[in-house]
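S.K.: This is entry18.pdb (PDB, C-alpha atoms, pLDDT in the B column).
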ATOM      1  CA  MET A   1      87.837  61.534-143.305  1.00 39.00           C
ATOM      2  CA  ARG A   2      89.250  58.940-145.668  1.00 38.00           C
ATOM      3  CA  ALA A   3      92.925  58.378-146.289  1.00 40.00           C
ATOM      4  CA  HIS A   4      94.853  55.450-147.658  1.00 39.00           C
ATOM      5  CA  VAL A   5      96.567  53.541-144.945  1.00 37.00           C
ATOM      6  CA  HIS A   6      99.959  54.785-143.995  1.00 38.00           C
ATOM      7  CA  LEU A   7     101.180  52.043-141.760  1.00 35.00           C
ATOM      8  CA  ALA A   8     102.787  54.377-139.256  1.00 35.00           C
ATOM      9  CA  SER A   9      99.342  55.778-138.437  1.00 37.00           C
ATOM     10  CA  PHE A  10      97.710  52.386-138.600  1.00 37.00           C
ATOM     11  CA  LEU A  11      99.780  50.797-135.878  1.00 35.00           C
ATOM     12  CA  LEU A  12      97.219  48.194-134.901  1.00 35.00           C
ATOM     13  CA  LEU A  13      96.423  46.594-138.223  1.00 36.00           C
ATOM     14  CA  ALA A  14      99.017  46.909-140.991  1.00 33.00           C
ATOM     15  CA  SER A  15     102.061  44.913-142.153  1.00 31.00           C
ATOM     16  CA  LEU A  16     104.315  43.915-145.029  1.00 29.00           C
ATOM     17  CA  PRO A  17     105.134  40.650-146.692  1.00 29.00           C
ATOM     18  CA  ALA A  18     107.012  38.712-144.052  1.00 31.00           C
ATOM     19  CA  PHE A  19     106.712  35.068-144.927  1.00 28.00           C
ATOM     20  CA  ALA A  20     109.148  32.215-144.721  1.00 29.00           C
ATOM     21  CA  GLN A  21     109.716  30.227-147.858  1.00 28.00           C
ATOM     22  CA  SER A  22     109.028  26.637-147.014  1.00 31.00           C
ATOM     23  CA  GLU A  23     107.767  23.301-148.212  1.00 35.00           C
ATOM     24  CA  PRO A  24     104.450  21.988-146.867  1.00 34.00           C
ATOM     25  CA  LEU A  25     104.655  21.230-143.168  1.00 36.00           C
ATOM     26  CA  ALA A  26     105.017  17.688-141.937  1.00 38.00           C
ATOM     27  CA  SER A  27     102.328  16.765-139.436  1.00 36.00           C
ATOM     28  CA  SER A  28     104.923  16.798-136.640  1.00 41.00           C
ATOM     29  CA  GLU A  29     105.782  20.446-137.495  1.00 42.00           C
ATOM     30  CA  ILE A  30     102.266  21.890-137.559  1.00 37.00           C
ATOM     31  CA  PRO A  31     101.644  22.850-133.889  1.00 38.00           C
ATOM     32  CA  ASN A  32     103.189  26.065-132.516  1.00 39.00           C
ATOM     33  CA  ILE A  33     104.742  27.333-135.724  1.00 39.00           C
ATOM     34  CA  THR A  34     107.440  29.758-134.618  1.00 37.00           C
ATOM     35  CA  GLN A  35     110.043  29.676-137.380  1.00 40.00           C
ATOM     36  CA  PRO A  36     111.522  33.092-138.197  1.00 35.00           C
ATOM     37  CA  THR A  37     110.218  34.667-141.373  1.00 39.00           C
ATOM     38  CA  THR A  38     111.890  36.647-144.137  1.00 37.00           C
ATOM     39  CA  ASP A  39     110.722  39.537-146.289  1.00 39.00           C
ATOM     40  CA  SER A  40     110.111  37.202-149.231  1.00 38.00           C
ATOM     41  CA  LYS A  41     106.765  35.976-150.538  1.00 41.00           C
ATOM     42  CA  PRO A  42     105.679  32.484-149.512  1.00 45.00           C
ATOM     43  CA  VAL A  43     106.332  29.639-151.865  1.00 45.00           C
ATOM     44  CA  PRO A  44     102.942  28.350-153.023  1.00 43.00           C
ATOM     45  CA  LYS A  45     102.181  24.977-151.486  1.00 71.00           C
ATOM     46  CA  GLN A  46      99.356  22.526-151.263  1.00 85.00           C
ATOM     47  CA  PRO A  47      96.736  23.123-148.563  1.00 92.00           C
ATOM     48  CA  THR A  48      97.538  20.946-145.543  1.00 90.00           C
ATOM     49  CA  PRO A  49      94.690  19.482-143.448  1.00 93.00           C
ATOM     50  CA  THR A  50      95.448  20.716-139.954  1.00 92.00           C
ATOM     51  CA  VAL A  51      94.022  20.829-136.425  1.00 94.00           C
ATOM     52  CA  PHE A  52      95.324  23.747-134.381  1.00 94.00           C
ATOM     53  CA  GLN A  53      94.687  23.704-130.641  1.00 95.00           C
ATOM     54  CA  ALA A  54      93.742  27.038-129.011  1.00 93.00           C
ATOM     55  CA  ASP A  55      97.334  28.155-128.391  1.00 93.00           C
ATOM     56  CA  GLU A  56      98.824  26.701-131.595  1.00 95.00           C
ATOM     57  CA  GLY A  57      99.615  28.397-134.890  1.00 95.00           C
ATOM     58  CA  ASP A  58     101.985  31.083-136.128  1.00 96.00           C
ATOM     59  CA  ARG A  59     102.365  33.246-132.990  1.00 97.00           C
ATOM     60  CA  TRP A  60     103.124  36.988-133.115  1.00 97.00           C
ATOM     61  CA  MET A  61     102.789  40.046-130.859  1.00 96.00           C
ATOM     62  CA  LEU A  62     101.175  43.025-132.637  1.00 92.00           C
ATOM     63  CA  LEU A  63     103.389  46.060-131.961  1.00 90.00           C
ATOM     64  CA  GLY A  64     105.173  43.786-129.490  1.00 93.00           C
ATOM     65  CA  LYS A  65     102.148  43.917-127.153  1.00 93.00           C
ATOM     66  CA  LYS A  66      98.983  42.154-128.362  1.00 95.00           C
ATOM     67  CA  PRO A  67      98.944  38.366-129.066  1.00 96.00           C
ATOM     68  CA  LEU A  68      98.012  37.257-132.589  1.00 97.00           C
ATOM     69  CA  ILE A  69      97.951  33.665-133.790  1.00 97.00           C
ATOM     70  CA  PHE A  70      97.573  32.911-137.489  1.00 97.00           C
ATOM     71  CA  LYS A  71      95.759  29.612-137.909  1.00 96.00           C
ATOM     72  CA  VAL A  72      95.051  29.328-141.646  1.00 96.00           C
ATOM     73  CA  ASP A  73      96.863  31.243-144.398  1.00 95.00           C
ATOM     74  CA  PRO A  74      99.488  30.484-147.068  1.00 93.00           C
ATOM     75  CA  VAL A  75     102.208  30.050-144.415  1.00 92.00           C
ATOM     76  CA  THR A  76     100.462  27.968-141.764  1.00 93.00           C
ATOM     77  CA  ALA A  77      98.264  25.637-143.773  1.00 94.00           C
ATOM     78  CA  GLY A  78      98.952  26.469-147.421  1.00 94.00           C
ATOM     79  CA  SER A  79      95.563  28.090-148.058  1.00 95.00           C
ATOM     80  CA  ASP A  80      95.407  30.574-150.913  1.00 92.00           C
ATOM     81  CA  THR A  81      91.678  31.197-150.444  1.00 94.00           C
ATOM     82  CA  LEU A  82      91.210  31.774-146.702  1.00 95.00           C
ATOM     83  CA  MET A  83      92.862  33.513-143.765  1.00 96.00           C
ATOM     84  CA  VAL A  84      91.939  32.801-140.126  1.00 98.00           C
ATOM     85  CA  GLY A  85      93.544  34.101-136.953  1.00 97.00           C
ATOM     86  CA  THR A  86      92.923  34.987-133.324  1.00 98.00           C
ATOM     87  CA  GLU A  87      93.580  38.223-131.479  1.00 97.00           C
ATOM     88  CA  GLU A  88      93.556  38.898-127.742  1.00 97.00           C
ATOM     89  CA  MET A  89      92.192  42.318-126.856  1.00 97.00           C
ATOM     90  CA  PRO A  90      93.021  43.603-123.385  1.00 96.00           C
ATOM     91  CA  PRO A  91      90.495  45.892-121.669  1.00 97.00           C
ATOM     92  CA  GLY A  92      90.380  49.277-123.408  1.00 96.00           C
ATOM     93  CA  ASN A  93      92.130  48.017-126.551  1.00 96.00           C
ATOM     94  CA  ARG A  94      90.666  48.909-129.925  1.00 95.00           C
ATOM     95  CA  ILE A  95      90.978  48.221-133.621  1.00 94.00           C
ATOM     96  CA  PRO A  96      90.591  51.633-135.304  1.00 92.00           C
ATOM     97  CA  THR A  97      87.722  52.223-137.717  1.00 94.00           C
ATOM     98  CA  HIS A  98      88.768  51.101-141.192  1.00 92.00           C
ATOM     99  CA  LYS A  99      87.460  49.253-144.225  1.00 92.00           C
ATOM    100  CA  HIS A 100      88.888  46.552-146.430  1.00 92.00           C
ATOM    101  CA  LEU A 101      88.519  47.374-150.090  1.00 91.00           C
ATOM    102  CA  TYR A 102      88.481  43.849-151.542  1.00 91.00           C
ATOM    103  CA  GLU A 103      88.184  41.271-148.759  1.00 94.00           C
ATOM    104  CA  ASP A 104      85.061  40.258-146.837  1.00 96.00           C
ATOM    105  CA  GLU A 105      85.682  39.607-143.128  1.00 97.00           C
ATOM    106  CA  VAL A 106      83.954  37.726-140.336  1.00 98.00           C
ATOM    107  CA  ILE A 107      84.747  38.341-136.665  1.00 98.00           C
ATOM    108  CA  PHE A 108      83.640  35.766-134.098  1.00 98.00           C
ATOM    109  CA  VAL A 109      83.740  36.787-130.418  1.00 98.00           C
ATOM    110  CA  HIS A 110      85.213  33.706-128.784  1.00 97.00           C
ATOM    111  CA  LYS A 111      85.548  35.160-125.278  1.00 97.00           C
ATOM    112  CA  GLY A 112      84.465  38.364-123.588  1.00 97.00           C
ATOM    113  CA  ALA A 113      82.519  41.252-125.089  1.00 97.00           C
ATOM    114  CA  VAL A 114      83.401  44.017-127.534  1.00 98.00           C
ATOM    115  CA  ARG A 115      81.695  47.073-128.976  1.00 98.00           C
ATOM    116  CA  VAL A 116      81.531  46.990-132.751  1.00 98.00           C
ATOM    117  CA  THR A 117      81.093  50.025-134.975  1.00 97.00           C
ATOM    118  CA  LEU A 118      79.809  48.666-138.285  1.00 97.00           C
ATOM    119  CA  ALA A 119      78.537  50.685-141.246  1.00 93.00           C
ATOM    120  CA  GLY A 120      77.801  53.698-139.029  1.00 93.00           C
ATOM    121  CA  ARG A 121      76.002  51.844-136.214  1.00 97.00           C
ATOM    122  CA  GLU A 122      77.236  50.570-132.836  1.00 98.00           C
ATOM    123  CA  TYR A 123      76.589  47.059-131.546  1.00 98.00           C
ATOM    124  CA  ASP A 124      77.538  45.190-128.385  1.00 98.00           C
ATOM    125  CA  ALA A 125      78.916  41.779-129.371  1.00 98.00           C
ATOM    126  CA  GLU A 126      79.258  39.234-126.562  1.00 97.00           C
ATOM    127  CA  THR A 127      80.732  35.732-126.413  1.00 97.00           C
ATOM    128  CA  GLY A 128      79.396  33.741-129.359  1.00 98.00           C
ATOM    129  CA  ALA A 129      78.512  36.771-131.502  1.00 98.00           C
ATOM    130  CA  THR A 130      79.365  36.748-135.208  1.00 98.00           C
ATOM    131  CA  VAL A 131      80.022  39.963-137.154  1.00 98.00           C
ATOM    132  CA  PHE A 132      79.954  39.940-140.976  1.00 98.00           C
ATOM    133  CA  ILE A 133      81.783  42.797-142.711  1.00 98.00           C
ATOM    134  CA  PRO A 134      81.341  42.855-146.495  1.00 97.00           C
ATOM    135  CA  HIS A 135      84.259  44.583-148.226  1.00 95.00           C
ATOM    136  CA  GLY A 136      83.831  48.341-148.462  1.00 95.00           C
ATOM    137  CA  ASN A 137      82.097  48.710-145.052  1.00 96.00           C
ATOM    138  CA  TRP A 138      83.562  50.635-142.124  1.00 96.00           C
ATOM    139  CA  ILE A 139      84.434  48.472-139.095  1.00 97.00           C
ATOM    140  CA  GLY A 140      85.933  49.267-135.691  1.00 97.00           C
ATOM    141  CA  VAL A 141      86.170  47.037-132.614  1.00 98.00           C
ATOM    142  CA  GLU A 142      86.804  48.041-128.997  1.00 98.00           C
ATOM    143  CA  ASN A 143      86.997  46.036-125.792  1.00 97.00           C
ATOM    144  CA  VAL A 144      84.990  48.284-123.472  1.00 93.00           C
ATOM    145  CA  SER A 145      84.844  45.691-120.686  1.00 94.00           C
ATOM    146  CA  ASN A 146      87.170  45.125-117.732  1.00 95.00           C
ATOM    147  CA  GLU A 147      88.051  41.619-118.986  1.00 96.00           C
ATOM    148  CA  PRO A 148      90.242  40.454-121.884  1.00 97.00           C
ATOM    149  CA  ALA A 149      88.388  39.538-125.074  1.00 98.00           C
ATOM    150  CA  MET A 150      89.385  37.002-127.722  1.00 97.00           C
ATOM    151  CA  ILE A 151      88.236  37.376-131.308  1.00 98.00           C
ATOM    152  CA  LEU A 152      88.657  35.103-134.301  1.00 98.00           C
ATOM    153  CA  PHE A 153      88.968  36.889-137.625  1.00 97.00           C
ATOM    154  CA  PHE A 154      88.336  35.304-141.023  1.00 98.00           C
ATOM    155  CA  PHE A 155      89.060  36.787-144.470  1.00 96.00           C
ATOM    156  CA  ASN A 156      87.871  35.258-147.737  1.00 95.00           C
ATOM    157  CA  LYS A 157      91.362  35.661-149.220  1.00 91.00           C
ATOM    158  CA  PRO A 158      94.851  36.028-147.780  1.00 90.00           C
ATOM    159  CA  ALA A 159      96.687  39.377-147.933  1.00 87.00           C
ATOM    160  CA  PHE A 160      95.958  41.312-144.760  1.00 88.00           C
ATOM    161  CA  GLU A 161      97.933  38.914-142.546  1.00 91.00           C
ATOM    162  CA  GLN A 162     101.051  40.243-144.292  1.00 87.00           C
ATOM    163  CA  CYS A 163     100.248  43.677-142.894  1.00 86.00           C
ATOM    164  CA  LEU A 164      99.733  42.317-139.392  1.00 90.00           C
ATOM    165  CA  ARG A 165     102.990  40.322-139.451  1.00 90.00           C
ATOM    166  CA  ALA A 166     105.005  43.371-140.540  1.00 88.00           C
ATOM    167  CA  LEU A 167     103.821  45.308-137.496  1.00 88.00           C
ATOM    168  CA  SER A 168     104.499  42.437-135.125  1.00 92.00           C
ATOM    169  CA  SER A 169     107.368  40.676-133.426  1.00 95.00           C
ATOM    170  CA  ARG A 170     107.721  37.134-132.185  1.00 96.00           C
ATOM    171  CA  PRO A 171     106.788  36.553-128.527  1.00 96.00           C
ATOM    172  CA  GLY A 172     109.735  37.517-126.326  1.00 95.00           C
ATOM    173  CA  GLU A 173     111.410  39.639-129.034  1.00 96.00           C
ATOM    174  CA  THR A 174     111.597  43.427-129.073  1.00 95.00           C
ATOM    175  CA  PHE A 175     109.357  45.080-131.660  1.00 94.00           C
ATOM    176  CA  THR A 176     110.984  47.550-134.050  1.00 92.00           C
ATOM    177  CA  MET A 177     108.902  49.624-136.447  1.00 90.00           C
ATOM    178  CA  PRO A 178     109.756  48.714-140.069  1.00 86.00           C
ATOM    179  CA  PRO A 179     111.640  51.388-142.047  1.00 87.00           C
ATOM    180  CA  PRO A 180     109.503  53.806-144.114  1.00 83.00           C
ATOM    181  CA  GLU A 181     110.402  52.217-147.464  1.00 81.00           C
ATOM    182  CA  LYS A 182     109.166  48.790-146.310  1.00 79.00           C
ATOM    183  CA  MET A 183     106.040  50.328-144.827  1.00 75.00           C
ATOM    184  CA  ALA A 184     105.298  52.118-148.120  1.00 72.00           C
ATOM    185  CA  ALA A 185     105.707  48.848-150.023  1.00 71.00           C
ATOM    186  CA  ALA A 186     103.313  47.131-147.613  1.00 69.00           C
ATOM    187  CA  GLU A 187     100.589  49.681-148.275  1.00 66.00           C
ATOM    188  CA  LYS A 188      99.898  47.918-151.579  1.00 67.00           C
ATOM    189  CA  GLU A 189      99.270  44.625-149.716  1.00 69.00           C
ATOM    190  CA  CYS A 190      96.875  45.981-147.095  1.00 74.00           C
ATOM    191  CA  HIS A 191      93.909  46.851-149.346  1.00 73.00           C
ATOM    192  CA  GLN A 192      92.343  49.059-146.705  1.00 77.00           C
ATOM    193  CA  VAL A 193      91.379  52.618-145.898  1.00 84.00           C
ATOM    194  CA  MET A 194      91.440  54.214-142.441  1.00 74.00           C
ATOM    195  CA  LYS A 195      88.749  56.440-140.988  1.00 73.00           C
ATOM    196  CA  ASP A 196      90.391  57.323-137.645  1.00 64.00           C
TER     197      ASP A 196
END
Go through the file and emit its structure as structure tokens.
M.R.:
Amino acid sequence: MRAHVHLASFLLLASLPAFAQSEPLASSEIPNITQPTTDSKPVPKQPTPTVFQADEGDRWMLLGKKPLIFKVDPVTAGSDTLMVGTEEMPPGNRIPTHKHLYEDEVIFVHKGAVRVTLAGREYDAETGATVFIPHGNWIGVENVSNEPAMILFFFNKPAFEQCLRALSSRPGETFTMPPPEKMAAAEKECHQVMKD
């Protein structure tokens, strides 16, 4: 069954524009970006060469529970052509089956093992595995192991990180679901369709 994403039902992947307006980061400001964001669009800036250590970047908790770190996007490094982030998946956690309508995605399994449903087939993807998802293909990911998994996700253009930020809170803050009118506005930014 196909339905456009309604963010309330897509609790693990969607969000709205939630970027801070800012000038390019000074090199001393790049690690552990944790400035609060607003509901405004980011101010375009020049791409900033950056090295993020494993725990550095723009840190969020998806639904207040699952750690996300945005490494490269318009906010963190000024990229308007690439989005890169990490996601920790506790045992039993899953990303529901969905497809992105316009963005290609790559998932790299940095740690652990996950089961991937891709274009109607299931695959076991262990540490070091790379998954390529051309836009328009169904993808779902589940940590079926007893250990946490860490994935890196890459999109060929920014947009989807806005959805993830809207359904996240900063570490240590209480998550509150965005009001319906903001969630409806975010649907335009997500460019995705849910299957389950």
S.K.: Quick one: pull the distance between atom CA of Ala119 of chain A and atom CA of Leu68 of chain A, Å, one decimal.
M.R.: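 Taking atom CA of Ala119 of chain A as the start and atom CA of Leu68 of chain A as the end point, the length is 25.2 Å.
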S.K.: For the file shown, what are the residues hit by the PyMOL selection byres ((chain A and resi 157) around 8), laid out as an mmCIF file with C-alpha atoms, in the frame of the given file?
M.R.:
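Full text of selection22.cif as output:
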data_model
loop_
_atom_site.group_PDB
_atom_site.id
_atom_site.type_symbol
_atom_site.label_atom_id
_atom_site.label_comp_id
_atom_site.auth_asym_id
_atom_site.auth_seq_id
_atom_site.Cartn_x
_atom_site.Cartn_y
_atom_site.Cartn_z
ATOM 1 C CA ASP A 80 95.407 30.574 -150.913
ATOM 2 C CA THR A 81 91.678 31.197 -150.444
ATOM 3 C CA LEU A 82 91.210 31.774 -146.702
ATOM 4 C CA MET A 83 92.862 33.513 -143.765
ATOM 5 C CA GLU A 103 88.184 41.271 -148.759
ATOM 6 C CA PHE A 155 89.060 36.787 -144.470
ATOM 7 C CA ASN A 156 87.871 35.258 -147.737
ATOM 8 C CA PRO A 158 94.851 36.028 -147.780
ATOM 9 C CA ALA A 159 96.687 39.377 -147.933
#
S.K.: Could you pull the residues within 12 Å of Ile133 of chain A, counting all atoms listed in the file, minus those fewer than 4 positions along the same chain, as a list of chain:residue names?
M.R.: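 Counting all atoms listed in the file, the residues come to A:His98, A:Lys99, A:His100, A:Leu101, A:Tyr102, A:Glu103, A:Asp104, A:Glu105, A:Val106, A:Ile107, A:Phe108, A:Val116, A:Thr117, A:Leu118, A:Ala119, A:Asn137, A:Trp138, A:Ile139, A:Gly140, A:Val141, A:Phe153, A:Phe154, A:Phe155, A:Asn156.
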S.K.: What would the selection look like, as number ranges by chain, if the PyMOL selection byres ((chain A and resi 148) around 6) were run on the coordinates I just shared?
M.R.: A: 89-91, 147, 149
S.K.: Which residues would end up in the selection if the PyMOL selection byres ((chain A and resi 65) around 10) were applied here, given that I need the answer as a list in words?
M.R.: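 Given this file, the PyMOL selection byres ((chain A and resi 65) around 10) evaluates to Trp60, Met61, Leu62, Leu63, Gly64, Lys66, Pro67, Leu68, Glu88, Pro90, Ser168, Ser169, Pro171, Gly172, Thr174 and Phe175 of chain A.
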S.K.: Please provide the set of residues having any atom within 8 Å of Met150 of chain A, restricted to only C-alpha atoms, with same-chain residues fewer than 3 positions apart removed, written as a ChimeraX atom specification.
M.R.: /A:86-89,109-112
S.K.: Kindly indicate which residue among A:Val75, A:Val193, A:Leu164, A:Ala125 lies nearest to Thr97 of chain A, using only C-alpha atoms for the distances.
M.R.: A:Val193
S.K.: To one decimal in Å, tell me the separation between atom CA of Asp73 of chain A and atom CA of Lys182 of chain A.
M.R.: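 Atom CA of Lys182 of chain A lies at a distance of 21.5 Å from atom CA of Asp73 of chain A.
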S.K.: Of the residues A:Gly85, A:Val114, A:Pro179, A:Gln53, which is the one nearest to Leu152 of chain A, using all atoms listed in the file?
M.R.: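 Closest residue, counting all atoms listed in the file: A:Gly85.
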S.K.: Pick the closest to Ile151 of chain A from A:Gly136, A:Gly128, A:Pro47, A:Gly78: which is it, counting all atoms listed in the file?
M.R.: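 Of all the options, A:Gly128 lies closest to Ile151 of chain A.
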S.K.: Using Å and a single decimal, report how far atom CA of Thr50 of chain A sits from atom CA of Thr127 of chain A.
M.R.: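 Separation of atom CA of Thr127 of chain A and atom CA of Thr50 of chain A: 25.0 Å.
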S.K.: List the spatial neighbours of Thr76 of chain A as a PyMOL selection string - criterion: any atom at most 7 Å away, all atoms listed in the file, same-chain residues fewer than 5 positions off excluded.
M.R.: chain A and resi 57-58+71
S.K.: Restricted to C-alpha atoms, what would the selected residues look like written as an mmCIF file, in the coordinates of the input?
M.R.:
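Resulting contents of again23.cif:
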data_model
loop_
_atom_site.group_PDB
_atom_site.id
_atom_site.type_symbol
_atom_site.label_atom_id
_atom_site.label_comp_id
_atom_site.auth_asym_id
_atom_site.auth_seq_id
_atom_site.Cartn_x
_atom_site.Cartn_y
_atom_site.Cartn_z
ATOM 1 C CA GLY A 57 99.615 28.397 -134.890
ATOM 2 C CA ASP A 58 101.985 31.083 -136.128
ATOM 3 C CA LYS A 71 95.759 29.612 -137.909
#
